[in-house]
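Participant: Compact mmCIF, C-alpha atoms and all ligand atoms, file model.txt:
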# COMPACT_ATOMS: atom_id res chain seq x y z
CA MET A 1 -25.64 20.79 -11.21
CA SER A 2 -24.23 17.66 -9.61
CA SER A 3 -21.15 18.23 -7.51
CA ALA A 4 -19.07 15.88 -9.68
CA ALA A 5 -19.83 18.08 -12.73
CA LYS A 6 -18.63 21.26 -11.00
CA THR A 7 -15.24 22.71 -11.85
CA ARG A 8 -12.66 23.53 -9.20
CA ALA A 9 -13.53 27.22 -9.66
CA ASP A 10 -17.22 26.45 -8.95
CA ARG A 11 -16.22 24.62 -5.77
CA ILE A 12 -13.85 27.38 -4.65
CA ALA A 13 -16.68 29.89 -5.10
CA GLU A 14 -18.60 27.91 -2.44
CA LEU A 15 -15.96 28.66 0.22
CA THR A 16 -16.83 31.41 2.71
CA PRO A 17 -15.34 34.84 1.84
CA GLU A 18 -12.79 34.41 4.66
CA GLU A 19 -11.80 30.96 3.35
CA GLN A 20 -11.52 32.33 -0.20
CA ARG A 21 -9.15 35.06 0.97
CA LEU A 22 -6.86 32.51 2.60
CA TYR A 23 -7.18 30.06 -0.30
CA ARG A 24 -5.98 32.76 -2.71
CA GLU A 25 -2.73 32.97 -0.72
CA LEU A 26 -2.10 29.24 -1.21
CA ASP A 27 -0.26 27.54 -4.06
CA PRO A 28 -3.00 25.40 -5.67
CA GLN A 29 -0.30 23.08 -7.05
CA ARG A 30 0.83 22.23 -3.53
CA ILE A 31 -2.43 21.32 -1.83
CA PRO A 32 -1.64 18.18 0.23
CA GLU A 33 -2.77 14.92 -1.38
CA HIS A 34 -3.58 13.38 1.97
CA ILE A 35 -4.35 15.08 5.28
CA ALA A 36 -4.70 13.00 8.45
CA ILE A 37 -6.29 14.54 11.54
CA ILE A 38 -6.16 13.57 15.22
CA MET A 39 -9.39 15.15 16.43
CA ASP A 40 -8.81 15.87 20.10
CA GLY A 41 -10.38 18.06 22.75
CA ASN A 42 -14.09 17.21 22.62
CA GLY A 43 -14.17 16.50 26.35
CA ARG A 44 -12.33 19.73 27.24
CA TRP A 45 -14.58 21.74 24.94
CA ALA A 46 -17.60 20.44 26.88
CA GLY A 47 -15.87 20.81 30.27
CA LYS A 48 -15.10 24.49 29.65
CA ARG A 49 -18.81 25.09 29.11
CA LEU A 50 -19.84 22.92 32.10
CA LEU A 51 -21.52 20.54 29.66
CA LYS A 52 -21.47 16.74 29.61
CA ARG A 53 -18.67 15.15 27.55
CA PHE A 54 -21.11 13.69 25.05
CA LEU A 55 -22.11 17.19 23.94
CA GLY A 56 -18.46 17.79 23.05
CA HIS A 57 -18.51 14.69 20.87
CA GLN A 58 -21.74 15.86 19.24
CA GLN A 59 -20.16 19.22 18.35
CA GLY A 60 -17.08 17.30 17.18
CA ALA A 61 -19.22 15.41 14.68
CA GLU A 62 -20.52 18.76 13.32
CA ALA A 63 -16.93 19.95 12.87
CA VAL A 64 -16.14 16.82 10.82
CA GLN A 65 -18.70 17.79 8.21
CA TYR A 66 -17.48 21.39 7.87
CA VAL A 67 -13.87 20.31 7.52
CA VAL A 68 -14.41 17.53 5.01
CA GLU A 69 -16.57 19.77 2.81
CA THR A 70 -13.85 22.44 2.76
CA ALA A 71 -11.30 19.73 1.93
CA GLU A 72 -13.40 18.65 -1.04
CA ARG A 73 -13.92 22.23 -2.26
CA ILE A 74 -10.20 22.91 -2.38
CA GLY A 75 -9.38 19.54 -3.97
CA VAL A 76 -7.79 17.44 -1.20
CA PRO A 77 -8.11 13.88 -2.53
CA TRP A 78 -7.73 12.04 0.81
CA ILE A 79 -8.66 13.01 4.34
CA THR A 80 -8.32 10.50 7.18
CA LEU A 81 -9.82 11.19 10.60
CA TYR A 82 -8.97 9.41 13.84
CA ALA A 83 -12.55 8.96 15.02
CA PHE A 84 -12.31 6.06 17.47
CA SER A 85 -9.16 4.26 18.55
CA LEU A 86 -8.74 0.71 19.81
CA GLU A 87 -7.62 2.30 23.06
CA ASN A 88 -10.79 4.45 23.22
CA ASN A 89 -12.76 1.24 22.82
CA LEU A 90 -10.88 -0.56 25.60
CA ARG A 91 -10.28 2.27 28.07
CA ARG A 92 -13.31 4.57 28.00
CA PRO A 93 -16.43 3.91 30.08
CA LYS A 94 -18.97 1.69 28.30
CA THR A 95 -21.53 4.53 28.37
CA GLU A 96 -19.16 6.83 26.42
CA VAL A 97 -18.26 4.08 23.93
CA ASN A 98 -21.95 3.34 23.38
CA PHE A 99 -22.64 7.03 22.88
CA LEU A 100 -19.83 7.35 20.32
CA MET A 101 -21.20 4.34 18.41
CA LYS A 102 -24.69 5.84 18.37
CA LEU A 103 -23.26 9.21 17.30
CA LEU A 104 -21.37 7.58 14.44
CA LYS A 105 -24.54 5.93 13.14
CA THR A 106 -26.54 9.16 13.44
CA TYR A 107 -23.74 11.11 11.78
CA LEU A 108 -23.59 8.74 8.81
CA VAL A 109 -27.35 8.54 8.31
CA SER A 110 -27.99 12.26 8.66
CA ASN A 111 -25.07 13.39 6.50
CA ILE A 112 -25.32 10.97 3.59
CA LYS A 113 -27.14 13.51 1.39
CA ARG A 114 -24.51 16.17 2.12
CA MET A 115 -21.77 13.65 1.34
CA ASN A 116 -23.35 12.94 -2.03
CA ASP A 117 -24.08 16.62 -2.71
CA ASN A 118 -20.39 17.30 -2.05
CA ASN A 119 -19.04 14.32 -4.04
CA ILE A 120 -17.43 12.79 -0.92
CA ARG A 121 -16.76 9.06 -0.68
CA ILE A 122 -16.75 7.38 2.73
CA ALA A 123 -14.30 4.63 3.69
CA TYR A 124 -12.92 3.13 6.89
CA ILE A 125 -9.74 1.72 8.36
CA GLY A 126 -9.34 -0.26 11.57
CA ARG A 127 -10.58 -3.50 13.08
CA THR A 128 -14.09 -2.47 12.08
CA SER A 129 -15.50 -6.01 12.07
CA GLU A 130 -15.17 -5.95 15.89
CA LEU A 131 -17.64 -3.03 16.13
CA PRO A 132 -21.30 -3.80 17.01
CA ALA A 133 -23.15 -5.41 14.07
CA ASP A 134 -25.69 -2.58 13.69
CA VAL A 135 -22.90 0.03 13.53
CA HIS A 136 -21.01 -2.09 11.03
CA GLU A 137 -24.11 -2.40 8.85
CA THR A 138 -24.68 1.37 8.81
CA MET A 139 -21.01 1.92 7.96
CA GLN A 140 -21.27 -0.50 5.04
CA TRP A 141 -24.46 1.19 3.86
CA ALA A 142 -22.81 4.66 3.94
CA ALA A 143 -19.75 3.40 2.06
CA ASP A 144 -21.96 1.80 -0.61
CA ALA A 145 -24.17 4.89 -0.87
CA THR A 146 -21.16 7.13 -1.59
CA SER A 147 -18.96 4.68 -3.50
CA SER A 148 -19.45 6.32 -6.89
CA ASN A 149 -18.38 9.79 -5.69
CA THR A 150 -15.13 10.96 -7.22
CA GLY A 151 -14.06 13.85 -4.96
CA THR A 152 -12.45 13.58 -1.53
CA THR A 153 -12.28 10.18 0.13
CA LEU A 154 -13.12 10.62 3.80
CA THR A 155 -11.59 7.70 5.67
CA LEU A 156 -12.74 7.25 9.24
CA ALA A 157 -10.27 5.37 11.42
CA LEU A 158 -12.54 3.33 13.70
CA ASN A 159 -11.43 0.81 16.29
CA TYR A 160 -8.05 1.72 14.83
CA GLY A 161 -4.60 1.32 16.34
CA SER A 162 -1.44 1.64 14.30
CA ARG A 163 0.52 -1.07 16.09
CA SER A 164 -2.32 -3.56 15.63
CA GLU A 165 -2.49 -2.50 11.95
CA ILE A 166 1.21 -3.36 11.63
CA VAL A 167 0.61 -6.70 13.40
CA ASP A 168 -2.24 -7.46 10.96
CA ALA A 169 0.00 -6.50 8.03
CA MET A 170 2.85 -8.72 9.26
CA ARG A 171 0.46 -11.67 9.56
CA THR A 172 -0.56 -11.18 5.90
CA VAL A 173 3.01 -10.72 4.70
CA ILE A 174 4.32 -13.79 6.56
CA ALA A 175 1.39 -15.95 5.39
CA ASP A 176 2.07 -14.86 1.77
CA LEU A 177 5.76 -15.58 2.16
CA ALA A 178 5.06 -19.02 3.69
CA ALA A 179 2.74 -19.86 0.77
CA GLU A 180 5.42 -18.79 -1.69
CA ALA A 181 8.01 -20.91 0.17
CA ARG A 182 5.74 -23.95 -0.08
CA THR A 183 5.20 -23.37 -3.82
CA GLN A 184 8.92 -23.07 -4.43
CA ASN A 185 9.65 -25.95 -2.02
CA LYS A 186 12.14 -23.82 -0.13
CA PRO A 187 12.51 -23.04 3.58
CA LEU A 188 10.82 -19.75 4.59
CA GLU A 189 14.18 -18.28 5.68
CA ASP A 190 15.41 -18.44 2.07
CA LEU A 191 12.71 -15.95 1.05
CA LEU A 192 13.19 -13.43 3.87
CA GLY A 193 15.42 -11.32 1.63
CA ASN A 194 12.37 -10.70 -0.61
CA LEU A 195 10.65 -8.82 2.19
CA ASP A 196 10.83 -5.06 1.73
CA GLU A 197 9.04 -1.84 2.74
CA GLN A 198 6.66 -2.10 -0.20
CA ASN A 199 5.44 -5.54 0.92
CA ILE A 200 4.52 -4.08 4.29
CA SER A 201 2.95 -0.88 2.87
CA ARG A 202 0.83 -3.01 0.56
CA ALA A 203 -0.47 -5.06 3.50
CA LEU A 204 -1.54 -2.04 5.61
CA TYR A 205 -5.18 -0.88 5.70
CA THR A 206 -4.01 2.20 3.79
CA ALA A 207 -2.46 0.29 0.86
CA HIS A 208 -4.62 2.15 -1.67
CA MET A 209 -3.76 5.67 -0.42
CA PRO A 210 -0.69 7.88 -0.61
CA ASP A 211 1.03 8.47 2.76
CA PRO A 212 -0.25 11.59 4.56
CA ASP A 213 1.58 14.80 3.63
CA LEU A 214 0.20 16.61 6.63
CA VAL A 215 -0.93 15.46 10.08
CA ILE A 216 -3.02 17.89 12.12
CA ARG A 217 -3.61 17.47 15.84
CA THR A 218 -6.03 19.69 17.71
CA SER A 219 -6.06 20.65 21.42
CA GLY A 220 -2.33 21.23 21.75
CA GLU A 221 -1.15 17.75 22.74
CA LEU A 222 2.23 16.84 21.25
CA ARG A 223 1.50 13.15 20.68
CA ILE A 224 0.80 10.81 17.78
CA SER A 225 -1.31 8.41 19.89
CA ASN A 226 -0.76 5.28 17.82
CA PHE A 227 -2.08 6.85 14.58
CA LEU A 228 -0.65 5.81 11.18
CA LEU A 229 2.86 5.29 12.63
CA TRP A 230 4.28 3.66 9.50
CA GLN A 231 2.59 6.03 7.06
CA ILE A 232 3.63 9.34 8.67
CA ALA A 233 7.39 8.72 8.52
CA TYR A 234 7.87 11.90 6.43
CA SER A 235 4.62 13.78 7.11
CA GLU A 236 4.64 17.38 8.26
CA ILE A 237 3.01 17.77 11.68
CA TYR A 238 0.83 20.73 12.61
CA VAL A 239 -0.46 21.13 16.16
CA THR A 240 -3.04 23.74 17.12
CA ASP A 241 -4.38 24.61 20.58
CA ARG A 242 -7.87 24.90 19.11
CA LEU A 243 -10.20 22.19 20.42
CA TRP A 244 -11.71 19.93 17.75
CA PRO A 245 -15.36 21.10 18.10
CA ASP A 246 -14.14 24.64 17.25
CA PHE A 247 -12.14 23.54 14.20
CA ARG A 248 -13.56 24.70 10.84
CA GLY A 249 -12.58 24.90 7.17
CA ILE A 250 -10.67 28.15 7.73
CA HIS A 251 -8.45 26.36 10.26
CA LEU A 252 -7.79 23.59 7.75
CA LEU A 253 -6.66 26.30 5.31
CA GLU A 254 -4.40 27.82 8.00
CA ALA A 255 -2.79 24.42 8.54
CA ILE A 256 -2.23 24.06 4.78
CA ALA A 257 -0.71 27.56 4.60
CA ASP A 258 1.72 26.54 7.37
CA TYR A 259 2.47 23.28 5.53
CA GLN A 260 3.24 25.20 2.34
CA ARG A 261 5.83 27.29 4.21
CA ARG A 262 7.74 24.12 5.17
CA GLU A 263 10.51 22.61 3.11
CA ARG A 264 10.07 18.85 2.74
CA ARG A 265 13.35 17.03 2.41
CA PHE A 266 12.45 13.32 2.89
CA GLY A 267 15.89 12.74 4.44
CA GLY A 268 17.71 14.60 1.63
CA LEU A 269 19.22 18.09 1.58
CA SER A 270 17.50 21.43 1.16
CA GLU A 271 17.71 23.05 -2.30
CA SER A 272 20.12 25.67 -0.99
CA SER A 273 22.56 22.97 0.08
CA SER A 274 22.70 20.95 -3.17
CA ASP A 275 26.21 19.84 -4.28
CA GLU A 276 26.47 22.74 -6.76
CA ASN A 277 25.33 25.36 -4.26
CA LEU A 278 27.56 23.89 -1.57
CA SER A 279 30.71 23.96 -3.73
CA GLU A 280 29.85 27.53 -4.88
CA LYS A 281 29.49 28.53 -1.24
CA LEU A 282 32.78 26.82 -0.30
CA SER A 283 34.71 28.62 -3.07
CA GLU A 284 33.10 31.96 -2.09
CA ASP A 285 34.19 31.32 1.51
CA ALA A 286 37.72 30.39 0.35
CA GLU A 287 37.92 33.59 -1.75
CA ALA A 288 36.72 35.71 1.18
CA ALA A 289 39.32 34.09 3.43
CA HIS A 290 42.03 34.84 0.79
CA VAL A 291 41.00 38.52 0.59
CA LEU A 292 41.13 38.78 4.38
CA ARG A 293 44.65 37.34 4.61
C1 LIG A 301 -11.17 13.19 21.37
O1 LIG A 301 -11.85 13.91 22.31
C2 LIG A 301 -11.98 12.64 20.34
C3 LIG A 301 -12.45 11.35 20.27
C4 LIG A 301 -12.42 10.37 21.34
C5 LIG A 301 -13.03 10.83 19.06
C6 LIG A 301 -13.40 11.80 18.01
C7 LIG A 301 -14.85 11.77 17.84
C8 LIG A 301 -15.55 12.74 17.25
C9 LIG A 301 -14.96 13.92 16.62
C10 LIG A 301 -17.02 12.68 17.19
C11 LIG A 301 -17.58 11.61 16.36
C12 LIG A 301 -16.99 11.49 15.01
C13 LIG A 301 -17.67 11.11 13.95
C14 LIG A 301 -16.98 10.88 12.66
C15 LIG A 301 -19.12 10.94 13.98
P1 LIG A 301 -11.57 13.58 23.83
O2 LIG A 301 -12.83 13.01 24.39
O3 LIG A 301 -10.38 12.71 23.98
O4 LIG A 301 -11.28 15.01 24.37
P2 LIG A 301 -10.49 15.38 25.71
O5 LIG A 301 -9.06 14.94 25.49
O6 LIG A 301 -10.63 16.87 25.77
O7 LIG A 301 -11.17 14.66 26.83
Can you present the structure in this file as structure tokens?
Facilitator:
Amino acid sequence: MSSAAKTRADRIAELTPEEQRLYRELDPQRIPEHIAIIMDGNGRWAGKRLLKRFLGHQQGAEAVQYVVETAERIGVPWITLYAFSLENNLRRPKTEVNFLMKLLKTYLVSNIKRMNDNNIRIAYIGRTSELPADVHETMQWAADATSSNTGTTLTLALNYGSRSEIVDAMRTVIADLAAEARTQNKPLEDLLGNLDEQNISRALYTAHMPDPDLVIRTSGELRISNFLLWQIAYSEIYVTDRLWPDFRGIHLLEAIADYQRRERRFGGLSESSSDENLSEKLSEDAEAAHVLR
């Protein structure tokens, strides 16, 4: 049976017994729509084993496949992985950058069948046109080869930096506004009031996705590292000490369980402090004070 034809129950049955146990404790109605992951700790994973850094990256690529397949089985529509930042590109030794590029190509080519078997669609965000032409071609090929899959969209952030994404978005927004000003024969300043958050969201690389509900960072660092700064304004953040090459589907489920214990307020009040509950509480307090007098 093709993966797209499988029901959610069929897919859940493919989880490991340990994953199934944890999945049964989750609320299936509150599985995050979009999970974004900062995969960190490949170098430390290798260092602890006295191995070369590149072996850590290789194991990290294996972890990607486990995690994205679990995400698809449990019905996460969007998963975005910080695979290679602009800063990695600029600040890491050329040998490591070249290795990461080669690893990306190998990963895409060797996992395309698994992606299709698991109904996973591949996409990218970042200044990807600046990557080497052969890498770019393989990326395009993998996206095309998985474009008709309808399960999880795996977005790889490559040559990605959030501030440069916002700069790119502002360039688009201002160019659009200037064109509109010319059409209406008005000065640009007259149209500045039209600019709102939606205009900017729609010009980001992530325009077609919901904002992440949950951001996971491995290896214990308490940083966002220039990842999806605009989009994670109200995301829940989960940090684990586990190093990325050791991260598996079960750990994704643990992060979701933690997420489901949180109360998301988006700048509002918690349910227990709604106007009605608050005034009830105030009158109870007033009554108690009266009895005490
Ligand atoms: C951080 O480890 C991770 C990266 C630089 C990039 C993530 C890359 C992978 C998981 C492998 C390739 C991915 C794909 C999709 C093929 P680090 O080197 O910063 O670790 P450290 O902080 O312990 O040194």
Participant: Using all atoms listed in the file, which protein or nucleic acid residues are at most 9 Å from ligand LIG 301 (chain A), as a PyMOL selection string?
Facilitator: chain A and resi 38-47+53-54+56-65+81-85+88+92+97+100-108+156-158+219+221+243-245
Participant: Have a look at CA of Arg11 (chain A) and CA of Arg121 (chain A) and let me know their distance in Å, one decimal.
Facilitator: 16.4 Å
Participant: Counting only C-alpha atoms, which residues come within 10 Å of (1.2, 3.2, 13.1), with the point read in the file's coordinates, and could you list them as a list in words?
Facilitator: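 The answer, in the requested form, is Tyr160, Gly161, Ser162, Arg163, Ser164, Glu165, Ile166, Val167, Leu204, Ile224, Ser225, Asn226, Phe227, Leu228, Leu229, Trp230, Gln231, Ile232 and Ala233 of chain A.
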Participant: From the list A:Ser129, A:Thr95, A:Thr240, A:Asn199, which residue is nearest Val215 (chain A) when using all atoms listed in the file?
Facilitator: A:Thr240
Participant: Quick one: residues within 9 Å of Asp117 (chain A), all atoms listed in the file counted, chain neighbours fewer than 5 positions away excluded, as a list in words?
Facilitator: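 Returned residues: Ser2, Ser3, Ala4 and Ile112 of chain A.
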Participant: Select, from A:Thr183, A:Asp213, A:Asp196, A:Arg73, the residue with the minimum atom-to-atom distance to Gln260 (chain A), counting only C-alpha atoms.
Facilitator: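 Closest candidate: A:Asp213.
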Participant: Which residue out of A:Leu131, A:Leu269, A:Met1, A:Val67 has the minimum interatomic distance to Leu15 (chain A) when all atoms listed in the file are used?
Facilitator: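 Of A:Leu131, A:Leu269, A:Met1, A:Val67, the one nearest Leu15 (chain A) is A:Val67, counting all atoms listed in the file.
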Participant: With all atoms listed in the file as the atoms that count, which of A:Ile125, A:Asn118, A:Tyr66, A:Ser110 lies nearest to Leu86 (chain A)?
Facilitator: A:Ile125
Participant: Nearest to Ala255 (chain A) among A:Glu18, A:Lys94, A:Gln29, A:Thr218, with distances taken over only C-alpha atoms: which residue is it?
Facilitator: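 Ranked by minimum distance to Ala255 (chain A), first place goes to A:Thr218.
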Participant: For CA of Asn159 (chain A) and CA of Asn89 (chain A), quote the distance in Å rounded to one decimal.
Facilitator: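 Going from CA of Asn159 (chain A) over to CA of Asn89 (chain A), I get 6.7 Å.
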Participant: Check the smallest atom-to-atom distance from each of A:Arg223, A:Ile216, A:Thr128, A:Glu25 to Tyr238 (chain A) using only C-alpha atoms, then report the winner.
Facilitator: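 The answer is A:Ile216, which sits nearest to Tyr238 (chain A).
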Participant: Report the distance between CA of Pro212 (chain A) and CA of Ala36 (chain A) in Å, rounded to one decimal place.
Facilitator: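 Distance between the two atoms: 6.1 Å.
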Participant: For Pro28 (chain A), find every residue with an atom within 12 Å (counting only C-alpha atoms), except residues of its own chain fewer than 6 positions away, and show them as a tab-separated table (two decimals) with C-alpha atoms, in the coordinates of the input.
Facilitator:
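The result, written out as result.tsv:
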chain	number	residue	atom	x	y	z
A	8	ARG	CA	-12.66	23.53	-9.20
A	9	ALA	CA	-13.53	27.22	-9.66
A	12	ILE	CA	-13.85	27.38	-4.65
A	22	LEU	CA	-6.86	32.51	2.60
A	73	ARG	CA	-13.92	22.23	-2.26
A	74	ILE	CA	-10.20	22.91	-2.38
A	75	GLY	CA	-9.38	19.54	-3.97
A	76	VAL	CA	-7.79	17.44	-1.20
A	253	LEU	CA	-6.66	26.30	5.31
A	256	ILE	CA	-2.23	24.06	4.78
A	257	ALA	CA	-0.71	27.56	4.60
A	260	GLN	CA	3.24	25.20	2.34
